[in-house]
$ cat model-v1.txt   # compact mmCIF, C-alpha atoms
# COMPACT_ATOMS: atom_id res chain seq x y z
CA MET A 9 -2.95 -2.40 -31.40
CA ASP A 10 -5.89 -1.03 -29.39
CA LEU A 11 -6.36 0.59 -25.99
CA ASP A 12 -7.34 -2.65 -24.25
CA GLU A 13 -4.13 -4.38 -25.32
CA VAL A 14 -2.01 -1.45 -24.19
CA ALA A 15 -3.84 -1.11 -20.87
CA ASP A 16 -3.38 -4.82 -20.16
CA ARG A 17 0.36 -4.46 -20.69
CA LEU A 18 0.72 -1.28 -18.68
CA TYR A 19 -1.33 -2.30 -15.65
CA ALA A 20 0.68 -5.51 -15.36
CA LEU A 21 3.78 -3.40 -14.63
CA PRO A 22 4.99 -2.25 -11.20
CA PRO A 23 4.10 1.42 -10.54
CA PRO A 24 7.72 2.70 -10.91
CA GLU A 25 7.81 1.37 -14.48
CA PHE A 26 4.34 2.59 -15.49
CA THR A 27 4.99 6.19 -16.56
CA ALA A 28 7.94 5.50 -18.85
CA ALA A 29 6.13 2.55 -20.44
CA ARG A 30 2.97 4.63 -20.96
CA GLU A 31 4.96 7.37 -22.69
CA ALA A 32 6.65 4.80 -24.92
CA GLU A 33 3.30 3.26 -25.88
CA ALA A 34 1.82 6.71 -26.59
CA ARG A 35 4.78 7.60 -28.82
CA ALA A 36 4.49 4.30 -30.66
CA ALA A 37 0.80 4.91 -31.36
CA LYS A 38 1.53 8.45 -32.54
CA ASP A 39 4.35 7.26 -34.79
CA ALA A 40 1.94 4.71 -36.24
CA GLY A 41 -0.43 7.54 -37.13
CA ASP A 42 -3.09 6.80 -34.49
CA VAL A 43 -3.26 10.16 -32.69
CA ARG A 44 -6.51 9.36 -30.89
CA LEU A 45 -5.08 6.14 -29.44
CA SER A 46 -1.97 8.05 -28.41
CA ARG A 47 -4.09 10.56 -26.49
CA ASP A 48 -6.14 7.80 -24.86
CA ILE A 49 -2.99 6.01 -23.74
CA ALA A 50 -1.58 9.23 -22.29
CA LYS A 51 -4.75 9.57 -20.15
CA LEU A 52 -4.22 6.21 -18.41
CA ARG A 53 -3.50 6.86 -14.75
CA LYS A 54 -0.54 5.40 -12.91
CA PRO A 55 -1.81 2.82 -10.37
CA THR A 56 -1.32 3.19 -6.66
CA VAL A 57 0.62 0.43 -4.92
CA SER A 58 -2.56 -1.16 -3.55
CA ALA A 59 -4.31 -1.03 -6.95
CA TRP A 60 -1.25 -2.61 -8.59
CA ALA A 61 -1.24 -5.37 -5.95
CA VAL A 62 -4.87 -6.24 -6.81
CA ASN A 63 -4.08 -6.06 -10.55
CA ARG A 64 -1.19 -8.47 -9.99
CA ALA A 65 -3.50 -10.82 -8.07
CA ALA A 66 -5.90 -10.82 -11.02
CA ARG A 67 -3.05 -12.22 -13.12
CA GLU A 68 -1.05 -14.35 -10.68
CA HIS A 69 -3.84 -15.57 -8.38
CA SER A 70 -6.70 -15.70 -10.88
CA GLU A 71 -8.22 -18.91 -9.46
CA GLU A 72 -8.40 -17.56 -5.91
CA LEU A 73 -9.80 -14.25 -7.15
CA ALA A 74 -12.39 -16.03 -9.32
CA GLU A 75 -13.50 -18.03 -6.27
CA LEU A 76 -13.93 -14.83 -4.25
CA LEU A 77 -15.91 -13.12 -7.00
CA GLU A 78 -18.10 -16.20 -7.40
CA VAL A 79 -18.84 -16.11 -3.67
CA GLY A 80 -19.70 -12.43 -4.03
CA GLU A 81 -22.11 -13.14 -6.88
CA ARG A 82 -23.88 -15.82 -4.86
CA LEU A 83 -23.92 -13.57 -1.81
CA ARG A 84 -25.61 -10.77 -3.73
CA ALA A 85 -28.18 -13.22 -5.10
CA ALA A 86 -28.93 -14.52 -1.60
CA TRP A 87 -29.32 -10.94 -0.42
CA GLN A 88 -31.87 -10.26 -3.14
CA GLU A 89 -33.80 -13.39 -2.13
CA GLN A 90 -33.40 -12.62 1.60
CA ASP A 91 -32.17 -16.19 2.13
CA ALA A 92 -30.81 -15.89 5.68
CA ASP A 93 -29.33 -19.39 5.78
CA ALA A 94 -27.49 -18.91 2.49
CA LEU A 95 -26.31 -15.49 3.59
CA ALA A 96 -24.89 -16.87 6.82
CA GLU A 97 -23.10 -19.71 5.02
CA LEU A 98 -21.75 -17.49 2.23
CA THR A 99 -20.62 -14.80 4.68
CA GLN A 100 -18.50 -17.38 6.48
CA ARG A 101 -17.08 -18.65 3.20
CA ARG A 102 -16.44 -15.08 2.06
CA ASN A 103 -14.33 -14.44 5.17
CA THR A 104 -12.29 -17.58 4.55
CA VAL A 105 -11.68 -16.92 0.85
CA THR A 106 -10.96 -13.22 1.37
CA GLY A 107 -8.47 -14.02 4.11
CA ARG A 108 -6.68 -16.57 1.94
CA LEU A 109 -6.41 -14.21 -1.04
CA SER A 110 -5.35 -11.31 1.16
CA ARG A 111 -2.54 -13.42 2.61
CA LEU A 112 -1.35 -14.36 -0.87
CA ILE A 113 -1.25 -10.71 -1.91
CA ARG A 114 0.68 -9.76 1.23
CA GLN A 115 3.13 -12.61 0.71
CA ASP A 116 3.93 -11.19 -2.74
CA GLY A 117 5.49 -8.33 -0.79
CA GLY A 118 5.98 -4.62 -1.27
CA LEU A 119 2.92 -3.42 0.68
CA SER A 120 2.79 -0.99 3.56
CA ALA A 121 0.14 -1.40 6.26
CA ALA A 122 -1.94 1.35 4.63
CA ALA A 123 -1.70 -0.27 1.19
CA ALA A 124 -2.66 -3.67 2.65
CA THR A 125 -5.77 -2.09 4.20
CA GLU A 126 -6.70 -0.59 0.82
CA VAL A 127 -6.31 -4.03 -0.77
CA ASP A 128 -8.76 -5.51 1.77
CA GLN A 129 -11.23 -2.67 1.12
CA THR A 130 -10.98 -3.28 -2.63
CA LEU A 131 -11.65 -7.01 -2.21
CA ASP A 132 -14.63 -6.25 0.04
CA ALA A 133 -16.01 -3.85 -2.58
CA ALA A 134 -15.62 -6.53 -5.28
CA VAL A 135 -17.66 -8.96 -3.18
CA VAL A 136 -20.67 -6.71 -2.59
CA ASP A 137 -20.71 -4.63 -5.79
CA ALA A 138 -20.94 -6.13 -9.29
CA ASP A 139 -19.29 -3.15 -11.01
CA ALA A 140 -16.35 -3.29 -8.61
CA ALA A 141 -16.07 -7.04 -9.20
CA ASP A 142 -15.82 -6.43 -12.96
CA GLN A 143 -13.11 -3.80 -12.49
CA VAL A 144 -11.08 -6.09 -10.23
CA ARG A 145 -11.49 -9.02 -12.62
CA ARG A 146 -10.08 -6.96 -15.52
CA GLY A 147 -6.93 -6.12 -13.55
CA ARG A 148 -6.64 -2.47 -14.62
CA LEU A 149 -7.28 -0.59 -11.39
CA ALA A 150 -5.59 2.78 -11.02
CA LYS A 151 -6.76 3.34 -7.44
CA PRO A 152 -8.26 1.23 -4.64
CA LEU A 153 -12.02 0.68 -4.48
CA SER A 154 -14.38 1.05 -1.55
CA TYR A 155 -18.06 0.39 -0.93
CA SER A 156 -20.23 2.54 1.33
CA GLY A 157 -23.62 0.94 0.75
CA PHE A 158 -25.35 -1.83 2.67
CA ALA A 159 -23.34 -5.03 2.69
CA PRO A 160 -25.25 -8.30 2.30
CA ALA A 161 -25.94 -9.81 5.70
CA PRO A 162 -28.48 -12.28 7.10
CA ILE A 163 -31.69 -10.34 7.85
CA PRO A 164 -34.62 -12.70 8.40
CA SER A 165 -37.92 -11.12 7.31
CA VAL A 166 -40.06 -13.30 9.60
CA ARG A 167 -39.66 -14.75 13.07
CA PRO A 168 -38.00 -18.11 12.73
CA ALA A 169 -40.13 -21.12 13.55
CA ARG A 170 -39.22 -23.30 16.52
CA ARG A 171 -36.90 -25.99 15.29
CA LYS A 172 -37.60 -29.59 16.06
CA LYS A 173 -35.12 -31.67 17.97
CA PRO A 174 -32.46 -32.98 15.57
CA THR A 175 -32.23 -36.70 14.89
CA PRO A 176 -29.11 -38.62 15.90
CA GLU A 177 -27.99 -38.54 12.26
CA GLU A 178 -28.44 -34.75 12.15
CA GLU A 179 -26.58 -34.37 15.43
CA ALA A 180 -23.73 -36.46 14.02
CA ASP A 181 -23.66 -34.32 10.87
CA GLN A 182 -23.63 -31.14 12.94
CA ALA A 183 -20.84 -32.48 15.12
CA ARG A 184 -18.86 -33.43 12.03
CA GLU A 185 -19.38 -29.96 10.52
CA ARG A 186 -18.27 -28.32 13.77
CA ALA A 187 -15.19 -30.52 13.85
CA GLU A 188 -14.39 -29.68 10.23
CA ALA A 189 -14.89 -25.97 10.92
CA GLU A 190 -12.61 -26.15 13.96
CA ALA A 191 -10.00 -28.09 11.99
CA ARG A 192 -10.21 -25.56 9.17
CA LYS A 193 -9.85 -22.70 11.64
CA ALA A 194 -6.86 -24.44 13.22
CA ARG A 195 -5.24 -24.88 9.79
CA GLU A 196 -5.83 -21.24 8.95
CA ARG A 197 -4.32 -20.19 12.27
CA GLN A 198 -1.31 -22.44 11.64
CA GLU A 199 -0.91 -20.88 8.19
CA ALA A 200 -1.13 -17.40 9.68
CA GLU A 201 1.37 -18.28 12.42
CA ALA A 202 3.75 -19.80 9.86
CA ALA A 203 3.47 -16.72 7.67
CA HIS A 204 4.11 -14.50 10.69
CA ARG A 205 7.17 -16.53 11.68
CA GLU A 206 8.54 -16.18 8.15
CA TRP A 207 8.02 -12.44 8.11
CA GLN A 208 9.37 -12.12 11.63
CA ALA A 209 12.55 -13.95 10.59
CA ALA A 210 12.77 -11.78 7.48
CA LEU A 211 12.35 -8.67 9.63
CA GLU A 212 15.14 -9.77 11.96
CA ALA A 213 17.43 -10.49 9.01
CA ALA A 214 16.59 -7.16 7.36
CA THR A 215 17.19 -5.34 10.66
CA ARG A 216 20.59 -6.99 11.10
CA GLU A 217 21.53 -6.18 7.52
CA TYR A 218 20.44 -2.56 7.94
CA ASP A 219 22.34 -2.16 11.20
CA GLU A 220 25.49 -3.65 9.71
CA ARG A 221 25.34 -1.43 6.64
CA ALA A 222 24.48 1.64 8.70
CA GLU A 223 27.55 0.99 10.83
CA LYS A 224 29.69 0.63 7.70
CA VAL A 225 28.30 3.87 6.31
CA ALA A 226 28.98 5.66 9.59
CA THR A 227 32.56 4.35 9.57
CA LEU A 228 33.06 5.44 5.96
CA GLU A 229 31.58 8.86 6.72
CA ARG A 230 34.01 9.29 9.62
CA MET A 231 36.89 8.23 7.39
CA LEU A 232 35.69 10.60 4.68
CA ALA A 233 35.47 13.47 7.17
CA GLU A 234 39.02 12.76 8.33
CA ALA A 235 40.24 12.52 4.75
CA ARG A 236 38.56 15.82 3.90
CA LYS A 237 40.26 17.46 6.89
CA GLU A 238 43.62 16.06 5.83
CA LEU A 239 42.99 17.26 2.29
CA ASP A 240 42.11 20.71 3.59
CA ASP A 241 45.34 20.79 5.64
CA SER A 242 47.31 19.78 2.56
CA ARG A 243 45.62 22.50 0.53
CA LYS A 244 46.58 25.11 3.10
CA ARG A 245 50.18 23.92 3.16
CA LEU A 246 50.24 23.96 -0.63
CA GLU A 247 49.00 27.55 -0.72
CA VAL A 248 51.59 28.64 1.84
CA THR A 249 54.35 26.82 -0.01
CA ARG A 250 53.36 28.34 -3.31
CA ARG A 251 53.30 31.84 -1.80
CA GLU A 252 56.70 31.45 -0.14
CA GLU A 253 58.21 29.95 -3.30
CA ARG A 254 56.89 32.94 -5.29
CA HIS A 255 58.37 35.41 -2.81
CA ALA A 256 61.74 33.62 -2.89
CA ARG A 257 61.78 33.76 -6.68
CA GLN A 258 60.92 37.44 -6.62
CA ARG A 259 63.90 38.13 -4.30
CA ILE A 260 66.18 36.34 -6.76
CA ASP A 261 64.90 38.47 -9.61
CA ARG A 262 65.55 41.67 -7.65
$ encode --input "model-v1.txt" --output "structure tokens"
Amino acid sequence: MDLDEVADRLYALPPPEFTAAREAEARAAKDAGDVRLSRDIAKLRKPTVSAWAVNRAAREHSEELAELLEVGERLRAAWQEQDADALAELTQRRNTVTGRLSRLIRQDGGLSAAAATEVDQTLDAAVVDADAADQVRRGRLAKPLSYSGFAPAPIPSVRPARRKKPTPEEEADQARERAEAEARKARERQEAEAAHREWQAALEAATREYDERAEKVATLERMLAEARKELDDSRKRLEVTRREERHARQRIDR
């Protein structure tokens, strides 16, 4: 057993299970006589919810994540070469792939709006920074990542030359590409609308369930309050009865 194996197991767990599992792993290493490993395991930080969501994506959506990281690698290369056309194309593809992966992570559930924003920031960092990409790929994040440097973007170094009029074949290709882009955008919007409808229905169901259970709890609390009052009345009567019975017995004894 080494630290990498243990870390892989721990960072695959939901945050509420992390601490107990880390302590168990540290004890196991100590019992096995590896005190250094035990100390290293104890130093592993519990992941935030957003970091855990990205770690889970590295395991459950590895193909989609690999596609995003591959786009990021090509984007960084295009930035180094100042290839404006490649940057423009890859930026568009980056937006599409990031959006798809982000939706998958959200659909897995359990994220607040703030955590979802941190997930998006982490994915953006993995696209533009190689070190961040490596951390995300390993799936052992303890906290979300962010990037504050210059993001790759098309910056032409020279004034573009006047383009010649496209041929009919080129115009047809351009029209076909525009149609494909519009169709892809329409599909993505349909997917987003379908996902929203599902979550909206889930929200309505959860709201109804909450309201019903809240009403039941309120009813039970009222019943409990009444029962406590009745119990208190009975206690008072019992005390009075005991006192009077004791006095009556004392009169008999006299």
$ atom_distance --input "model-v1.txt" --atom1 "atom CA of A:Trp60" --atom2 "atom CA of A:Ala150"
7.3 Å
$ atom_distance --input "model-v1.txt" --atom1 "atom CA of A:Asp116" --atom2 "atom CA of A:Ala189"
27.6 Å
$ atom_distance --input "model-v1.txt" --atom1 "atom CA of A:Arg145" --atom2 "atom CA of A:Leu76"
10.5 Å
$ axis_aligned_box --input "model-v1.txt" --around "stretch 131-145 of chain A" --padding-each-side "5 Å" --output "lines of an AutoDock Vina configuration file"
center_x = -16.0
center_y = -6.1
center_z = -6.5
size_x = 19.9
size_y = 15.9
size_z = 23.0
$ closest_residue --input "model-v1.txt" --among "A:Asp219, A:Asp139, A:Asp10, A:Glu25" --to "A:Ala37" --atoms "all atoms listed in the file"
A:Asp10
$ closest_residue --input "model-v1.txt" --among "A:Glu81, A:Glu31, A:Asp128, A:Asp261" --to "A:Ser58" --atoms "all atoms listed in the file"
A:Asp128
$ closest_residue --input "model-v1.txt" --among "A:Leu11, A:Ala122, A:Leu131, A:Ala34" --to "A:Gln143" --atoms "all atoms listed in the file"
A:Leu131
$ residues_around --input "model-v1.txt" --residues "stretch 26-29 of chain A" --least-positions-apart "5" --cutoff "7 Å" --atoms "only C-alpha atoms" --output "list in words"
Leu18, Leu21 and Lys54 of chain A
$ residues_around --input "model-v1.txt" --residues "A:Glu71" --least-positions-apart "5" --cutoff "12 Å" --atoms "all atoms listed in the file" --output "PDB file with C-alpha atoms, keeping the file's coordinate frame"
ATOM      1  CA  ALA A  65      -3.500 -10.820  -8.070  1.00  0.00           C
ATOM      2  CA  ALA A  66      -5.900 -10.820 -11.020  1.00  0.00           C
ATOM      3  CA  LEU A  76     -13.930 -14.830  -4.250  1.00  0.00           C
ATOM      4  CA  LEU A  77     -15.910 -13.120  -7.000  1.00  0.00           C
ATOM      5  CA  GLU A  78     -18.100 -16.200  -7.400  1.00  0.00           C
ATOM      6  CA  VAL A 105     -11.680 -16.920   0.850  1.00  0.00           C
ATOM      7  CA  ARG A 108      -6.680 -16.570   1.940  1.00  0.00           C
ATOM      8  CA  LEU A 109      -6.410 -14.210  -1.040  1.00  0.00           C
ATOM      9  CA  LEU A 112      -1.350 -14.360  -0.870  1.00  0.00           C
ATOM     10  CA  ARG A 145     -11.490  -9.020 -12.620  1.00  0.00           C
TER      11      ARG A 145
END
$ closest_residue --input "model-v1.txt" --among "A:Gly41, A:Pro176, A:Pro22, A:Pro55" --to "A:Leu153" --atoms "only C-alpha atoms"
A:Pro55
$ closest_residue --input "model-v1.txt" --among "A:Val144, A:Met9, A:Leu95, A:Leu73" --to "A:Lys38" --atoms "only C-alpha atoms"
A:Met9
$ build_atoms --input "model-v1.txt" --residues "stretch 46-60 of chain A" --atoms "N, CA and C atoms" --output "short mmCIF file (atom, residue, chain, number, x, y, z; two decimals), in the coordinates of the input"
data_model
loop_
_atom_site.label_atom_id
_atom_site.label_comp_id
_atom_site.auth_asym_id
_atom_site.auth_seq_id
_atom_site.Cartn_x
_atom_site.Cartn_y
_atom_site.Cartn_z
N SER A 46 -3.07 7.47 -29.17
CA SER A 46 -1.97 8.05 -28.41
C SER A 46 -2.49 8.91 -27.26
N ARG A 47 -3.51 9.72 -27.55
CA ARG A 47 -4.09 10.56 -26.49
C ARG A 47 -4.76 9.73 -25.42
N ASP A 48 -5.47 8.66 -25.83
CA ASP A 48 -6.14 7.80 -24.86
C ASP A 48 -5.13 7.10 -23.95
N ILE A 49 -4.03 6.67 -24.54
CA ILE A 49 -2.99 6.01 -23.74
C ILE A 49 -2.40 7.00 -22.73
N ALA A 50 -2.17 8.22 -23.17
CA ALA A 50 -1.58 9.23 -22.29
C ALA A 50 -2.49 9.55 -21.10
N LYS A 51 -3.80 9.28 -21.23
CA LYS A 51 -4.75 9.57 -20.15
C LYS A 51 -4.78 8.46 -19.10
N LEU A 52 -4.19 7.31 -19.38
CA LEU A 52 -4.22 6.21 -18.41
C LEU A 52 -3.46 6.61 -17.15
N ARG A 53 -4.08 6.41 -16.01
CA ARG A 53 -3.50 6.86 -14.75
C ARG A 53 -2.56 5.81 -14.16
N LYS A 54 -1.48 6.29 -13.60
CA LYS A 54 -0.54 5.40 -12.91
C LYS A 54 -1.22 4.79 -11.69
N PRO A 55 -1.12 3.46 -11.50
CA PRO A 55 -1.81 2.82 -10.37
C PRO A 55 -1.11 3.09 -9.05
N THR A 56 -1.90 3.16 -8.00
CA THR A 56 -1.32 3.19 -6.66
C THR A 56 -0.74 1.80 -6.35
N VAL A 57 0.02 1.71 -5.28
CA VAL A 57 0.62 0.43 -4.92
C VAL A 57 -0.46 -0.60 -4.62
N SER A 58 -1.50 -0.20 -3.89
CA SER A 58 -2.56 -1.16 -3.55
C SER A 58 -3.33 -1.60 -4.79
N ALA A 59 -3.61 -0.66 -5.71
CA ALA A 59 -4.31 -1.03 -6.95
C ALA A 59 -3.45 -1.98 -7.76
N TRP A 60 -2.15 -1.71 -7.85
CA TRP A 60 -1.25 -2.61 -8.59
C TRP A 60 -1.23 -4.00 -7.96
#
